[in-house]
$ cat protein-v1.cif   # mmCIF, C-alpha atoms
data_my_file
loop_
_atom_site.label_atom_id
_atom_site.label_comp_id
_atom_site.auth_asym_id
_atom_site.auth_seq_id
_atom_site.Cartn_x
_atom_site.Cartn_y
_atom_site.Cartn_z
CA MET A 1 -205.26 21.80 -60.29
CA GLU A 2 -206.66 23.25 -57.09
CA THR A 3 -203.67 25.56 -56.70
CA LEU A 4 -203.98 26.62 -60.32
CA ILE A 5 -207.63 27.55 -59.90
CA ASN A 6 -206.90 29.37 -56.65
CA ALA A 7 -204.05 31.28 -58.24
CA PHE A 8 -205.60 32.18 -61.60
CA PHE A 9 -209.37 31.72 -61.43
CA ASN A 10 -210.17 32.62 -57.86
CA THR A 11 -213.85 33.61 -57.81
CA SER A 12 -213.82 35.37 -54.44
CA ILE A 13 -210.84 37.50 -55.52
CA LEU A 14 -212.59 38.16 -58.82
CA ARG A 15 -215.74 39.30 -57.05
CA GLU A 16 -213.71 41.55 -54.77
CA THR A 17 -211.75 43.19 -57.60
CA ALA A 18 -214.51 43.28 -60.23
CA PRO A 19 -215.36 46.99 -59.62
CA TYR A 20 -211.69 47.93 -60.22
CA LEU A 21 -211.58 45.92 -63.41
CA TRP A 22 -214.87 47.37 -64.58
CA SER A 23 -213.70 50.96 -64.15
CA GLY A 24 -210.44 49.99 -65.88
CA PHE A 25 -212.42 48.51 -68.74
CA LEU A 26 -214.44 51.72 -69.08
CA MET A 27 -211.22 53.75 -69.20
CA THR A 28 -209.84 51.49 -71.94
CA LEU A 29 -213.10 51.96 -73.82
CA LEU A 30 -212.96 55.74 -73.42
CA LEU A 31 -209.32 55.76 -74.54
CA THR A 32 -210.24 53.74 -77.62
CA ILE A 33 -213.13 56.05 -78.46
CA VAL A 34 -210.80 59.04 -78.26
CA VAL A 35 -207.59 57.76 -79.87
CA VAL A 36 -209.00 55.77 -82.79
CA PRO A 37 -210.94 58.66 -84.43
CA LEU A 38 -208.03 60.99 -83.63
CA GLY A 39 -205.60 58.65 -85.38
CA LEU A 40 -207.94 58.12 -88.33
CA ALA A 41 -208.43 61.86 -88.80
CA GLY A 42 -204.70 62.54 -88.46
CA GLY A 43 -203.88 59.75 -90.88
CA LEU A 44 -206.39 60.93 -93.46
CA ALA A 45 -205.03 64.46 -93.17
CA LEU A 46 -201.47 63.20 -93.73
CA ALA A 47 -202.54 61.14 -96.72
CA LEU A 48 -204.43 64.05 -98.29
CA LEU A 49 -201.47 66.37 -97.74
CA SER A 50 -199.22 63.88 -99.51
CA THR A 51 -201.33 64.22 -102.67
CA VAL A 52 -200.31 67.87 -102.93
CA LYS A 53 -197.73 68.26 -105.70
CA PHE A 54 -195.11 70.01 -103.65
CA ARG A 55 -191.85 68.16 -103.26
CA ALA A 56 -190.68 69.65 -99.97
CA LEU A 57 -194.00 68.93 -98.30
CA ARG A 58 -194.02 65.32 -99.49
CA LEU A 59 -190.47 64.78 -98.24
CA ALA A 60 -191.42 66.29 -94.89
CA LEU A 61 -194.40 63.94 -94.66
CA ILE A 62 -192.29 60.89 -95.47
CA PHE A 63 -189.82 62.01 -92.82
CA TYR A 64 -192.63 62.45 -90.28
CA THR A 65 -194.09 59.03 -91.05
CA ASP A 66 -190.77 57.19 -90.94
CA PHE A 67 -189.77 59.00 -87.77
CA PHE A 68 -192.85 57.90 -85.86
CA ARG A 69 -192.86 54.44 -87.37
CA ALA A 70 -189.31 53.92 -86.13
CA PHE A 71 -190.14 55.16 -82.64
CA PRO A 72 -191.55 52.48 -80.33
CA PRO A 73 -194.85 53.90 -79.03
CA LEU A 74 -193.88 53.27 -75.41
CA VAL A 75 -190.72 55.36 -75.86
CA LEU A 76 -192.79 58.16 -77.38
CA LEU A 77 -195.28 57.98 -74.53
CA MET A 78 -192.55 58.13 -71.88
CA PHE A 79 -190.89 61.02 -73.64
CA ILE A 80 -194.15 62.95 -73.66
CA ALA A 81 -195.18 61.99 -70.13
CA PHE A 82 -191.79 62.51 -68.44
CA GLY A 83 -189.95 64.88 -70.77
CA LEU A 84 -192.62 67.39 -71.71
CA PRO A 85 -193.27 68.63 -68.14
CA PHE A 86 -189.72 70.06 -68.21
CA THR A 87 -190.81 72.46 -70.92
CA GLY A 88 -193.52 73.69 -68.56
CA LEU A 89 -196.20 71.79 -70.43
CA ASP A 90 -197.52 69.41 -67.80
CA LEU A 91 -200.24 67.42 -69.53
CA PRO A 92 -202.56 65.16 -67.54
CA ALA A 93 -201.94 61.43 -68.13
CA PHE A 94 -204.90 61.06 -70.47
CA ALA A 95 -203.80 63.95 -72.68
CA SER A 96 -200.21 62.61 -72.81
CA VAL A 97 -201.50 59.26 -73.96
CA ALA A 98 -203.81 60.85 -76.53
CA LEU A 99 -200.96 62.97 -77.92
CA ALA A 100 -198.58 59.99 -78.14
CA PHE A 101 -201.26 57.94 -79.88
CA LEU A 102 -202.10 60.73 -82.30
CA LEU A 103 -198.45 61.05 -83.36
CA ASN A 104 -197.84 57.31 -83.56
CA THR A 105 -201.06 55.97 -85.03
CA SER A 106 -201.63 58.78 -87.53
CA SER A 107 -198.40 57.80 -89.27
CA TYR A 108 -199.66 54.22 -89.64
CA TYR A 109 -203.18 55.23 -90.66
CA GLY A 110 -201.62 57.79 -93.02
CA GLU A 111 -199.63 55.11 -94.85
CA ILE A 112 -202.79 53.01 -95.20
CA PHE A 113 -204.89 55.89 -96.55
CA ARG A 114 -202.05 56.86 -98.89
CA ALA A 115 -201.99 53.34 -100.35
CA GLY A 116 -205.78 53.55 -100.67
CA ILE A 117 -205.65 56.87 -102.52
CA GLU A 118 -202.96 55.53 -104.85
CA SER A 119 -205.17 52.53 -105.61
CA VAL A 120 -207.92 54.74 -107.06
CA PRO A 121 -207.41 54.85 -110.84
CA ARG A 122 -206.44 58.24 -112.30
CA GLY A 123 -209.39 58.04 -114.67
CA GLN A 124 -211.75 58.43 -111.71
CA LEU A 125 -210.14 61.71 -110.82
CA GLU A 126 -210.16 62.97 -114.39
CA ALA A 127 -213.76 61.92 -114.94
CA ALA A 128 -214.83 63.67 -111.74
CA ARG A 129 -212.99 66.87 -112.65
CA SER A 130 -214.41 66.83 -116.17
CA THR A 131 -217.96 66.69 -114.82
CA GLY A 132 -217.26 70.00 -113.12
CA LEU A 133 -216.39 68.92 -109.57
CA GLY A 134 -213.69 70.99 -107.91
CA ALA A 135 -210.47 69.48 -106.55
CA ALA A 136 -211.79 69.32 -102.98
CA GLN A 137 -215.13 67.94 -104.12
CA THR A 138 -213.39 65.26 -106.19
CA LEU A 139 -211.36 64.21 -103.16
CA ALA A 140 -214.33 64.20 -100.82
CA TYR A 141 -216.93 62.55 -103.04
CA VAL A 142 -214.91 60.40 -105.43
CA VAL A 143 -211.40 59.59 -104.28
CA VAL A 144 -211.63 59.22 -100.50
CA PRO A 145 -214.73 56.98 -100.43
CA GLN A 146 -213.19 54.55 -102.92
CA ALA A 147 -209.76 54.75 -101.29
CA THR A 148 -211.25 53.97 -97.89
CA ARG A 149 -213.19 51.00 -99.19
CA ASN A 150 -210.06 49.55 -100.79
CA VAL A 151 -208.12 49.54 -97.53
CA ILE A 152 -210.80 48.56 -95.02
CA PRO A 153 -209.02 45.34 -93.97
CA ASP A 154 -205.82 47.28 -93.25
CA LEU A 155 -207.76 49.94 -91.35
CA ILE A 156 -209.41 47.30 -89.18
CA SER A 157 -206.10 45.54 -88.64
CA ASN A 158 -204.43 48.75 -87.54
CA THR A 159 -207.37 49.64 -85.31
CA LEU A 160 -207.03 46.27 -83.58
CA GLU A 161 -203.37 47.07 -82.93
CA VAL A 162 -204.30 50.52 -81.60
CA VAL A 163 -206.85 49.07 -79.17
CA LYS A 164 -204.28 46.56 -77.94
CA LEU A 165 -201.72 49.33 -77.67
CA THR A 166 -203.90 51.31 -75.24
CA SER A 167 -202.53 48.90 -72.59
CA ILE A 168 -199.23 50.82 -72.59
CA ALA A 169 -201.08 53.73 -70.95
CA SER A 170 -200.73 51.69 -67.74
CA VAL A 171 -197.05 52.66 -67.71
CA VAL A 172 -197.90 56.33 -67.11
CA ALA A 173 -200.46 55.34 -64.44
CA LEU A 174 -203.58 55.97 -66.48
CA PRO A 175 -206.06 53.65 -64.76
CA GLU A 176 -207.10 51.59 -67.77
CA LEU A 177 -207.76 47.84 -67.76
CA LEU A 178 -204.18 46.57 -67.44
CA TYR A 179 -203.30 49.17 -64.80
CA ALA A 180 -206.41 48.30 -62.79
CA ALA A 181 -205.55 44.61 -63.03
CA ARG A 182 -201.96 45.19 -61.86
CA GLN A 183 -203.18 47.31 -58.95
CA ALA A 184 -205.73 44.68 -57.99
CA GLN A 185 -203.04 42.02 -58.19
CA SER A 186 -200.68 43.88 -55.90
CA ILE A 187 -203.45 44.49 -53.35
CA THR A 188 -204.74 40.91 -53.29
CA TYR A 189 -201.43 39.09 -53.94
CA ASN A 190 -203.32 37.00 -56.45
CA ALA A 191 -202.97 36.75 -60.22
CA THR A 192 -206.69 36.35 -60.91
CA PRO A 193 -207.28 40.04 -61.85
CA ILE A 194 -204.56 40.02 -64.49
CA ILE A 195 -205.81 36.76 -65.98
CA ALA A 196 -209.31 38.27 -65.96
CA ALA A 197 -208.01 41.35 -67.78
CA GLY A 198 -206.45 39.07 -70.40
CA ILE A 199 -209.77 37.29 -70.83
CA ILE A 200 -211.63 40.61 -71.19
CA TYR A 201 -209.25 41.70 -73.98
CA LEU A 202 -209.66 38.31 -75.59
CA VAL A 203 -213.46 38.35 -75.51
CA CYS A 204 -213.65 41.90 -76.88
CA LEU A 205 -211.06 41.55 -79.61
CA TRP A 206 -211.53 37.97 -80.76
CA PRO A 207 -214.37 38.80 -83.22
CA LEU A 208 -212.09 41.37 -84.89
CA VAL A 209 -209.30 38.82 -85.15
CA ARG A 210 -211.62 36.30 -86.81
CA LEU A 211 -212.89 38.91 -89.25
CA LEU A 212 -209.36 39.96 -90.15
CA SER A 213 -208.15 36.46 -90.65
CA ARG A 214 -210.87 36.00 -93.25
CA PHE A 215 -209.92 39.27 -95.02
CA GLU A 216 -206.22 38.37 -95.06
CA HIS A 217 -206.76 35.02 -96.72
CA ARG A 218 -208.77 36.65 -99.43
CA GLN A 219 -206.15 39.35 -99.90
CA ILE A 220 -203.22 36.97 -100.37
CA ALA A 221 -205.30 34.58 -102.48
CA LEU A 222 -206.11 37.45 -104.85
CA HIS A 223 -202.57 38.80 -105.02
CA MET B 1 -183.19 77.83 -76.39
CA GLY B 2 -180.36 77.56 -73.88
CA LYS B 3 -182.74 76.26 -71.27
CA PHE B 4 -184.23 73.79 -73.71
CA ALA B 5 -180.80 72.41 -74.62
CA ASP B 6 -179.90 72.26 -70.94
CA THR B 7 -182.97 70.16 -70.26
CA PHE B 8 -183.13 67.80 -73.21
CA LEU B 9 -179.57 67.84 -74.54
CA ASN B 10 -177.54 68.22 -71.40
CA TRP B 11 -174.08 67.00 -72.49
CA GLU B 12 -172.91 66.29 -68.97
CA VAL B 13 -175.88 64.06 -68.18
CA MET B 14 -175.74 62.47 -71.62
CA ALA B 15 -172.06 61.65 -71.33
CA GLN B 16 -172.71 60.11 -67.95
CA TYR B 17 -175.48 57.79 -69.14
CA ALA B 18 -174.30 57.11 -72.70
CA PRO B 19 -172.45 53.91 -71.74
CA LYS B 20 -175.58 52.57 -70.04
CA VAL B 21 -177.76 53.39 -73.04
CA LEU B 22 -175.17 51.78 -75.32
CA GLU B 23 -175.34 48.68 -73.14
CA GLY B 24 -179.12 48.78 -73.54
CA PHE B 25 -178.68 49.17 -77.30
CA PHE B 26 -176.99 45.77 -77.47
CA VAL B 27 -179.56 44.15 -75.18
CA THR B 28 -182.31 45.46 -77.50
CA ILE B 29 -180.50 44.01 -80.52
CA GLN B 30 -180.07 40.65 -78.79
CA LEU B 31 -183.71 40.56 -77.74
CA ALA B 32 -184.91 41.63 -81.19
CA ILE B 33 -182.84 38.97 -82.98
CA ALA B 34 -183.98 36.28 -80.55
CA VAL B 35 -187.63 37.27 -81.07
CA VAL B 36 -187.40 37.43 -84.87
CA VAL B 37 -185.62 34.07 -85.19
CA THR B 38 -187.85 32.18 -82.74
CA GLY B 39 -191.08 33.85 -83.83
CA ILE B 40 -190.68 33.32 -87.56
CA ALA B 41 -189.30 29.78 -87.20
CA CYS B 42 -192.22 28.75 -84.96
CA GLY B 43 -194.69 30.47 -87.27
CA LEU B 44 -193.37 28.62 -90.32
CA LEU B 45 -193.38 25.33 -88.43
CA LEU B 46 -197.00 25.84 -87.34
CA ALA B 47 -198.10 26.79 -90.86
CA VAL B 48 -196.49 23.65 -92.29
CA ALA B 49 -198.00 21.54 -89.50
CA ARG B 50 -201.38 22.92 -90.50
CA THR B 51 -201.05 21.47 -94.01
CA PHE B 52 -201.21 17.94 -92.55
CA ARG B 53 -204.91 18.74 -92.07
CA LEU B 54 -205.22 16.99 -88.71
CA ARG B 55 -208.47 18.32 -87.32
CA VAL B 56 -207.50 18.40 -83.63
CA LEU B 57 -204.05 19.86 -84.25
CA ASN B 58 -205.45 22.54 -86.56
CA PHE B 59 -208.09 23.48 -84.03
CA PHE B 60 -205.39 24.06 -81.41
CA ILE B 61 -203.18 26.02 -83.81
CA VAL B 62 -206.04 28.32 -84.85
CA ALA B 63 -207.13 28.82 -81.24
CA ALA B 64 -203.59 29.63 -80.05
CA VAL B 65 -203.01 32.00 -82.96
CA ASP B 66 -206.27 33.82 -82.27
CA VAL B 67 -205.42 34.24 -78.59
CA MET B 68 -201.98 35.62 -79.41
CA ARG B 69 -203.45 38.06 -81.92
CA ALA B 70 -206.14 39.31 -79.55
CA LEU B 71 -203.97 39.80 -76.45
CA PRO B 72 -201.99 43.04 -76.08
CA PRO B 73 -198.25 42.21 -75.91
CA LEU B 74 -197.88 44.08 -72.63
CA VAL B 75 -200.66 42.00 -71.05
CA LEU B 76 -198.93 38.82 -72.17
CA ILE B 77 -195.61 39.97 -70.75
CA MET B 78 -197.30 40.87 -67.46
CA ILE B 79 -198.99 37.47 -67.27
CA LEU B 80 -195.68 35.67 -67.88
CA TYR B 81 -193.74 37.87 -65.50
CA PHE B 82 -196.20 38.60 -62.68
CA ALA B 83 -198.88 35.88 -62.85
CA LEU B 84 -196.92 32.68 -63.55
CA PRO B 85 -194.59 33.08 -60.54
CA THR B 86 -197.64 32.68 -58.27
CA VAL B 87 -197.77 29.03 -59.39
CA GLY B 88 -194.01 28.61 -59.12
CA ILE B 89 -192.98 29.31 -62.74
CA LYS B 90 -190.40 32.08 -62.76
CA PHE B 91 -188.82 33.80 -65.74
CA SER B 92 -186.38 36.66 -65.94
CA GLY B 93 -187.77 39.79 -67.57
CA PHE B 94 -185.68 39.06 -70.66
CA VAL B 95 -187.08 35.55 -71.03
CA ALA B 96 -190.67 36.72 -70.35
CA THR B 97 -190.39 39.44 -73.03
CA TRP B 98 -188.70 37.07 -75.45
CA LEU B 99 -191.37 34.39 -74.97
CA ALA B 100 -194.28 36.81 -75.21
CA LEU B 101 -193.07 38.61 -78.34
CA SER B 102 -191.96 35.36 -80.00
CA ALA B 103 -195.37 33.79 -79.37
CA ILE B 104 -197.08 36.85 -80.87
CA LEU B 105 -194.78 36.96 -83.89
CA ALA B 106 -195.23 33.20 -84.34
CA ALA B 107 -199.01 33.67 -84.37
CA PHE B 108 -198.94 36.50 -86.92
CA SER B 109 -196.37 34.80 -89.14
CA GLU B 110 -198.26 31.49 -89.01
CA GLU B 111 -201.34 33.28 -90.38
CA ILE B 112 -199.30 34.97 -93.09
CA PHE B 113 -197.42 31.79 -94.11
CA TRP B 114 -200.64 29.79 -94.10
CA ALA B 115 -202.35 32.30 -96.36
CA GLY B 116 -199.26 32.16 -98.60
CA ILE B 117 -199.34 28.37 -98.78
CA LEU B 118 -203.05 28.44 -99.65
CA ALA B 119 -202.34 30.97 -102.39
CA VAL B 120 -200.07 28.55 -104.26
CA PRO B 121 -202.32 27.05 -106.97
CA ARG B 122 -203.37 23.41 -106.45
CA GLY B 123 -201.92 22.54 -109.85
CA GLN B 124 -198.44 23.20 -108.44
CA TRP B 125 -199.00 20.54 -105.76
CA GLU B 126 -200.41 18.06 -108.23
CA ALA B 127 -197.67 18.60 -110.77
CA ALA B 128 -194.96 18.23 -108.13
CA ARG B 129 -196.49 15.09 -106.66
CA SER B 130 -196.97 13.53 -110.11
CA THR B 131 -193.27 13.95 -110.91
CA GLY B 132 -192.57 11.68 -107.95
CA LEU B 133 -191.78 14.22 -105.20
CA GLY B 134 -192.99 13.23 -101.73
CA PHE B 135 -195.24 15.45 -99.61
CA MET B 136 -192.39 17.10 -97.70
CA GLN B 137 -190.29 17.45 -100.85
CA THR B 138 -193.20 19.17 -102.58
CA MET B 139 -193.57 21.41 -99.57
CA THR B 140 -189.92 22.44 -99.28
CA HIS B 141 -188.98 22.59 -102.98
CA VAL B 142 -192.17 23.75 -104.68
CA VAL B 143 -194.77 25.24 -102.37
CA LEU B 144 -192.79 27.07 -99.69
CA PRO B 145 -190.46 28.92 -102.09
CA GLN B 146 -193.51 30.36 -103.86
CA ALA B 147 -195.49 30.94 -100.69
CA VAL B 148 -192.65 32.71 -98.88
CA ARG B 149 -192.19 35.15 -101.74
CA LEU B 150 -195.82 36.22 -101.44
CA THR B 151 -195.54 36.62 -97.71
CA ILE B 152 -192.42 38.79 -97.59
CA PRO B 153 -194.03 42.26 -97.57
CA PRO B 154 -196.70 41.63 -94.93
CA LEU B 155 -194.27 39.57 -92.87
CA THR B 156 -191.60 42.26 -92.92
CA ASN B 157 -193.98 44.95 -91.73
CA ARG B 158 -195.39 42.78 -88.96
CA THR B 159 -191.94 41.74 -87.84
CA ILE B 160 -190.79 45.35 -87.62
CA ALA B 161 -193.85 46.31 -85.57
CA ILE B 162 -193.38 43.44 -83.13
CA THR B 163 -189.62 44.01 -82.84
CA LYS B 164 -190.31 47.55 -81.63
CA GLY B 165 -192.22 45.86 -78.82
CA THR B 166 -188.85 45.03 -77.23
CA ALA B 167 -189.25 48.44 -75.54
CA LEU B 168 -192.04 46.85 -73.48
CA GLY B 169 -189.30 44.87 -71.74
CA ALA B 170 -188.53 48.06 -69.81
CA THR B 171 -191.66 47.44 -67.72
CA VAL B 172 -190.26 44.13 -66.46
CA ALA B 173 -186.72 45.40 -65.82
CA VAL B 174 -185.03 44.14 -69.00
CA GLY B 175 -181.94 46.33 -69.27
CA GLU B 176 -182.68 47.43 -72.83
CA ILE B 177 -182.55 50.97 -74.26
CA LEU B 178 -185.74 52.35 -72.73
CA TYR B 179 -185.03 50.86 -69.31
CA GLN B 180 -181.54 52.35 -69.21
CA ALA B 181 -182.82 55.70 -70.44
CA GLN B 182 -185.61 55.75 -67.89
CA THR B 183 -183.27 54.75 -65.06
CA GLY B 184 -180.88 57.50 -66.11
CA TYR B 185 -183.75 59.96 -66.17
CA SER B 186 -184.93 59.09 -62.67
CA PHE B 187 -181.39 59.26 -61.22
CA SER B 188 -180.49 62.56 -62.84
CA TYR B 189 -183.99 64.05 -62.87
CA ASN B 190 -183.15 65.32 -66.32
CA PRO B 191 -184.79 64.01 -69.51
CA SER B 192 -181.52 63.99 -71.51
CA PRO B 193 -181.10 60.22 -71.04
CA LEU B 194 -184.57 59.83 -72.60
CA THR B 195 -183.39 61.89 -75.57
CA LEU B 196 -180.40 59.60 -75.81
CA GLY B 197 -182.69 56.58 -75.72
CA ALA B 198 -184.89 58.08 -78.42
CA ILE B 199 -181.82 58.67 -80.62
CA ALA B 200 -180.71 55.08 -80.03
CA TYR B 201 -184.10 53.78 -81.18
CA LEU B 202 -184.00 55.97 -84.27
CA ILE B 203 -180.50 54.76 -85.16
CA LEU B 204 -181.71 51.20 -84.77
CA PHE B 205 -185.12 51.37 -86.41
CA ILE B 206 -184.96 54.05 -89.14
CA PRO B 207 -182.85 51.71 -91.34
CA VAL B 208 -185.27 48.90 -90.53
CA VAL B 209 -188.26 51.03 -91.58
CA TRP B 210 -186.47 51.98 -94.80
CA PHE B 211 -185.68 48.33 -95.41
CA GLY B 212 -189.41 47.62 -94.97
CA ARG B 213 -190.27 50.29 -97.54
CA TRP B 214 -187.75 48.82 -99.97
CA VAL B 215 -189.13 45.31 -99.49
CA GLU B 216 -192.64 46.62 -100.09
CA THR B 217 -191.76 48.07 -103.49
CA ARG B 218 -189.39 45.25 -104.42
CA PHE B 219 -191.91 42.50 -103.76
CA ALA B 220 -195.01 44.52 -104.53
CA TRP B 221 -198.05 42.42 -105.37
CA LYS B 222 -199.36 42.90 -108.82
CA ARG B 223 -203.05 43.44 -108.37
#
$ encode --input "protein-v1.cif" --output "structure tokens"
Amino acid sequence: METLINAFFNTSILRETAPYLWSGFLMTLLLTIVVVPLGLAGGLALALLSTVKFRALRLALIFYTDFFRAFPPLVLLMFIAFGLPFTGLDLPAFASVALAFLLNTSSYYGEIFRAGIESVPRGQLEAARSTGLGAAQTLAYVVVPQATRNVIPDLISNTLEVVKLTSIASVVALPELLYAARQAQSITYNATPIIAAGIIYLVCLWPLVRLLSRFEHRQIALH
Amino acid sequence: MGKFADTFLNWEVMAQYAPKVLEGFFVTIQLAIAVVVTGIACGLLLAVARTFRLRVLNFFIVAAVDVMRALPPLVLIMILYFALPTVGIKFSGFVATWLALSAILAAFSEEIFWAGILAVPRGQWEAARSTGLGFMQTMTHVVLPQAVRLTIPPLTNRTIAITKGTALGATVAVGEILYQAQTGYSFSYNPSPLTLGAIAYLILFIPVVWFGRWVETRFAWKR
């Protein structure tokens, strides 16, 4: 037991490495604040484009979505971080991560918004148009608000996955929480920082998990 | 264009590393199959165990599932691979990735199966029991067949997402596609092996994504 505590819950190591972990946590937070809205906006744009009655565009969008859904995000990130500099476009680590996340998560958010838009009855659209709203107004004031409300559980679920996914930024040396923890571990030869990082993720994300679990039960029960 | 092709589609470099990437292709398939089989089997087992309604057992199942859903997969892999050895428990990268992803898939599939089991109307249980079927017979012949049908679309999507996580194995030296591609890239200082890796992932996962789409329409819930 003593060895276990010394190896995983060592308070003096924790005190020593806490500043590292804190700055890592802030970076994870910043990353989340940047990539989640970016993904949401990209996804909504994709979903709105797919409502346009133009076959070639819709096929292109399906291709885009499937392409990025089939690509593991880490592979995409490495391609952008290590491959792109050869084209002369040497992005800083943060920008590489943001670009990879935009491409990857917008395809997931896009599918969710698309399902939401399809769930809004046609009558809503027709009623809105017949009251004199334009096409853009109908989308903005009638369709999108209802569509979004219908898919809130899926949006939260995907956002949880996106937040968890920010940990892959450690692979391209962006000093977020996991990277900071790994650095702290290699300096102190002690696993406490990485366990602490796990606990931080757990504490921050557990409320979301609980919330989702409640949504999911309702969703399947109402099938 | 010539320079671009020379950088990203350099035939010489590609030919040199193609066998390695192919090797990685099969490692990825092995890892993915191992994760899917273990994860879903454990998830189903846990969901069935939860129907016994033993308070202590259920508490532990829910707690474990929540932890696995809140922790980023990469953090879990790092804990298994870098933290556990400090207390004398050593895994190979393959085993660490397999365990981490299986545990995560088990957690997600347990939630999905459990919601599915709850969605089967009580009358089905009562009718089955009153015809003389035992508890386990009711479970395997009446409840699970109906529950599993409900769970197929969400389960398929979740399984695909987690299977793509096999790329995370590259960070703990599992010789799968991304690892081989990255190694090839750092030896040749040319991103063509990464292109090759990307193509390998697309060959592997595009059909899987399409299969997911098909499953979604085939088993679509009638709302």
$ interface_residues --input "protein-v1.cif" --of "chain B" --to "chain A" --cutoff "7 Å" --atoms "only C-alpha atoms" --output "number ranges by chain"
B: 66-67, 69-72, 74-75, 79, 83, 86-87, 115-116, 119, 164-165, 167-168, 178, 191, 194, 198, 201-202, 205-206, 209, 221-223
$ resolve_selection --input "protein-v1.cif" --expression "the PyMOL selection byres ((chain A and resi 105-118) around 10)" --output "count of residues only"
55
$ resolve_selection --input "protein-v1.cif" --expression "the PyMOL selection byres ((chain B and resi 132-143) around 12)" --output "VMD selection string"
chain B and resid 44 to 45 47 to 49 51 to 52 113 to 131 144 to 150
$ residues_around --input "protein-v1.cif" --residues "B:Ser92" --least-positions-apart "2" --cutoff "10 Å" --atoms "all atoms listed in the file" --output "list of chain:residue names"
B:Leu80, B:Tyr81, B:Lys90, B:Phe94, B:Val95, B:Ala96, B:Thr97, B:Trp98, B:Val172, B:Ala173, B:Val174
$ resolve_selection --input "protein-v1.cif" --expression "the PyMOL selection byres ((chain A and resi 13-17) around 9)" --output "list in words"
Phe9, Asn10, Thr11, Ser12, Ala18, Pro19, Tyr20, Leu21, Trp22, Ala181, Ala184, Gln185, Thr188, Asn190, Thr192, Pro193 and Ala196 of chain A
$ atom_distance --input "protein-v1.cif" --atom1 "atom CA of B:Met78" --atom2 "atom CA of A:Ser23"
19.5 Å
$ closest_residue --input "protein-v1.cif" --among "B:Val37, B:Trp210, B:Thr156, B:Gly88" --to "B:Leu101" --atoms "only C-alpha atoms"
B:Val37
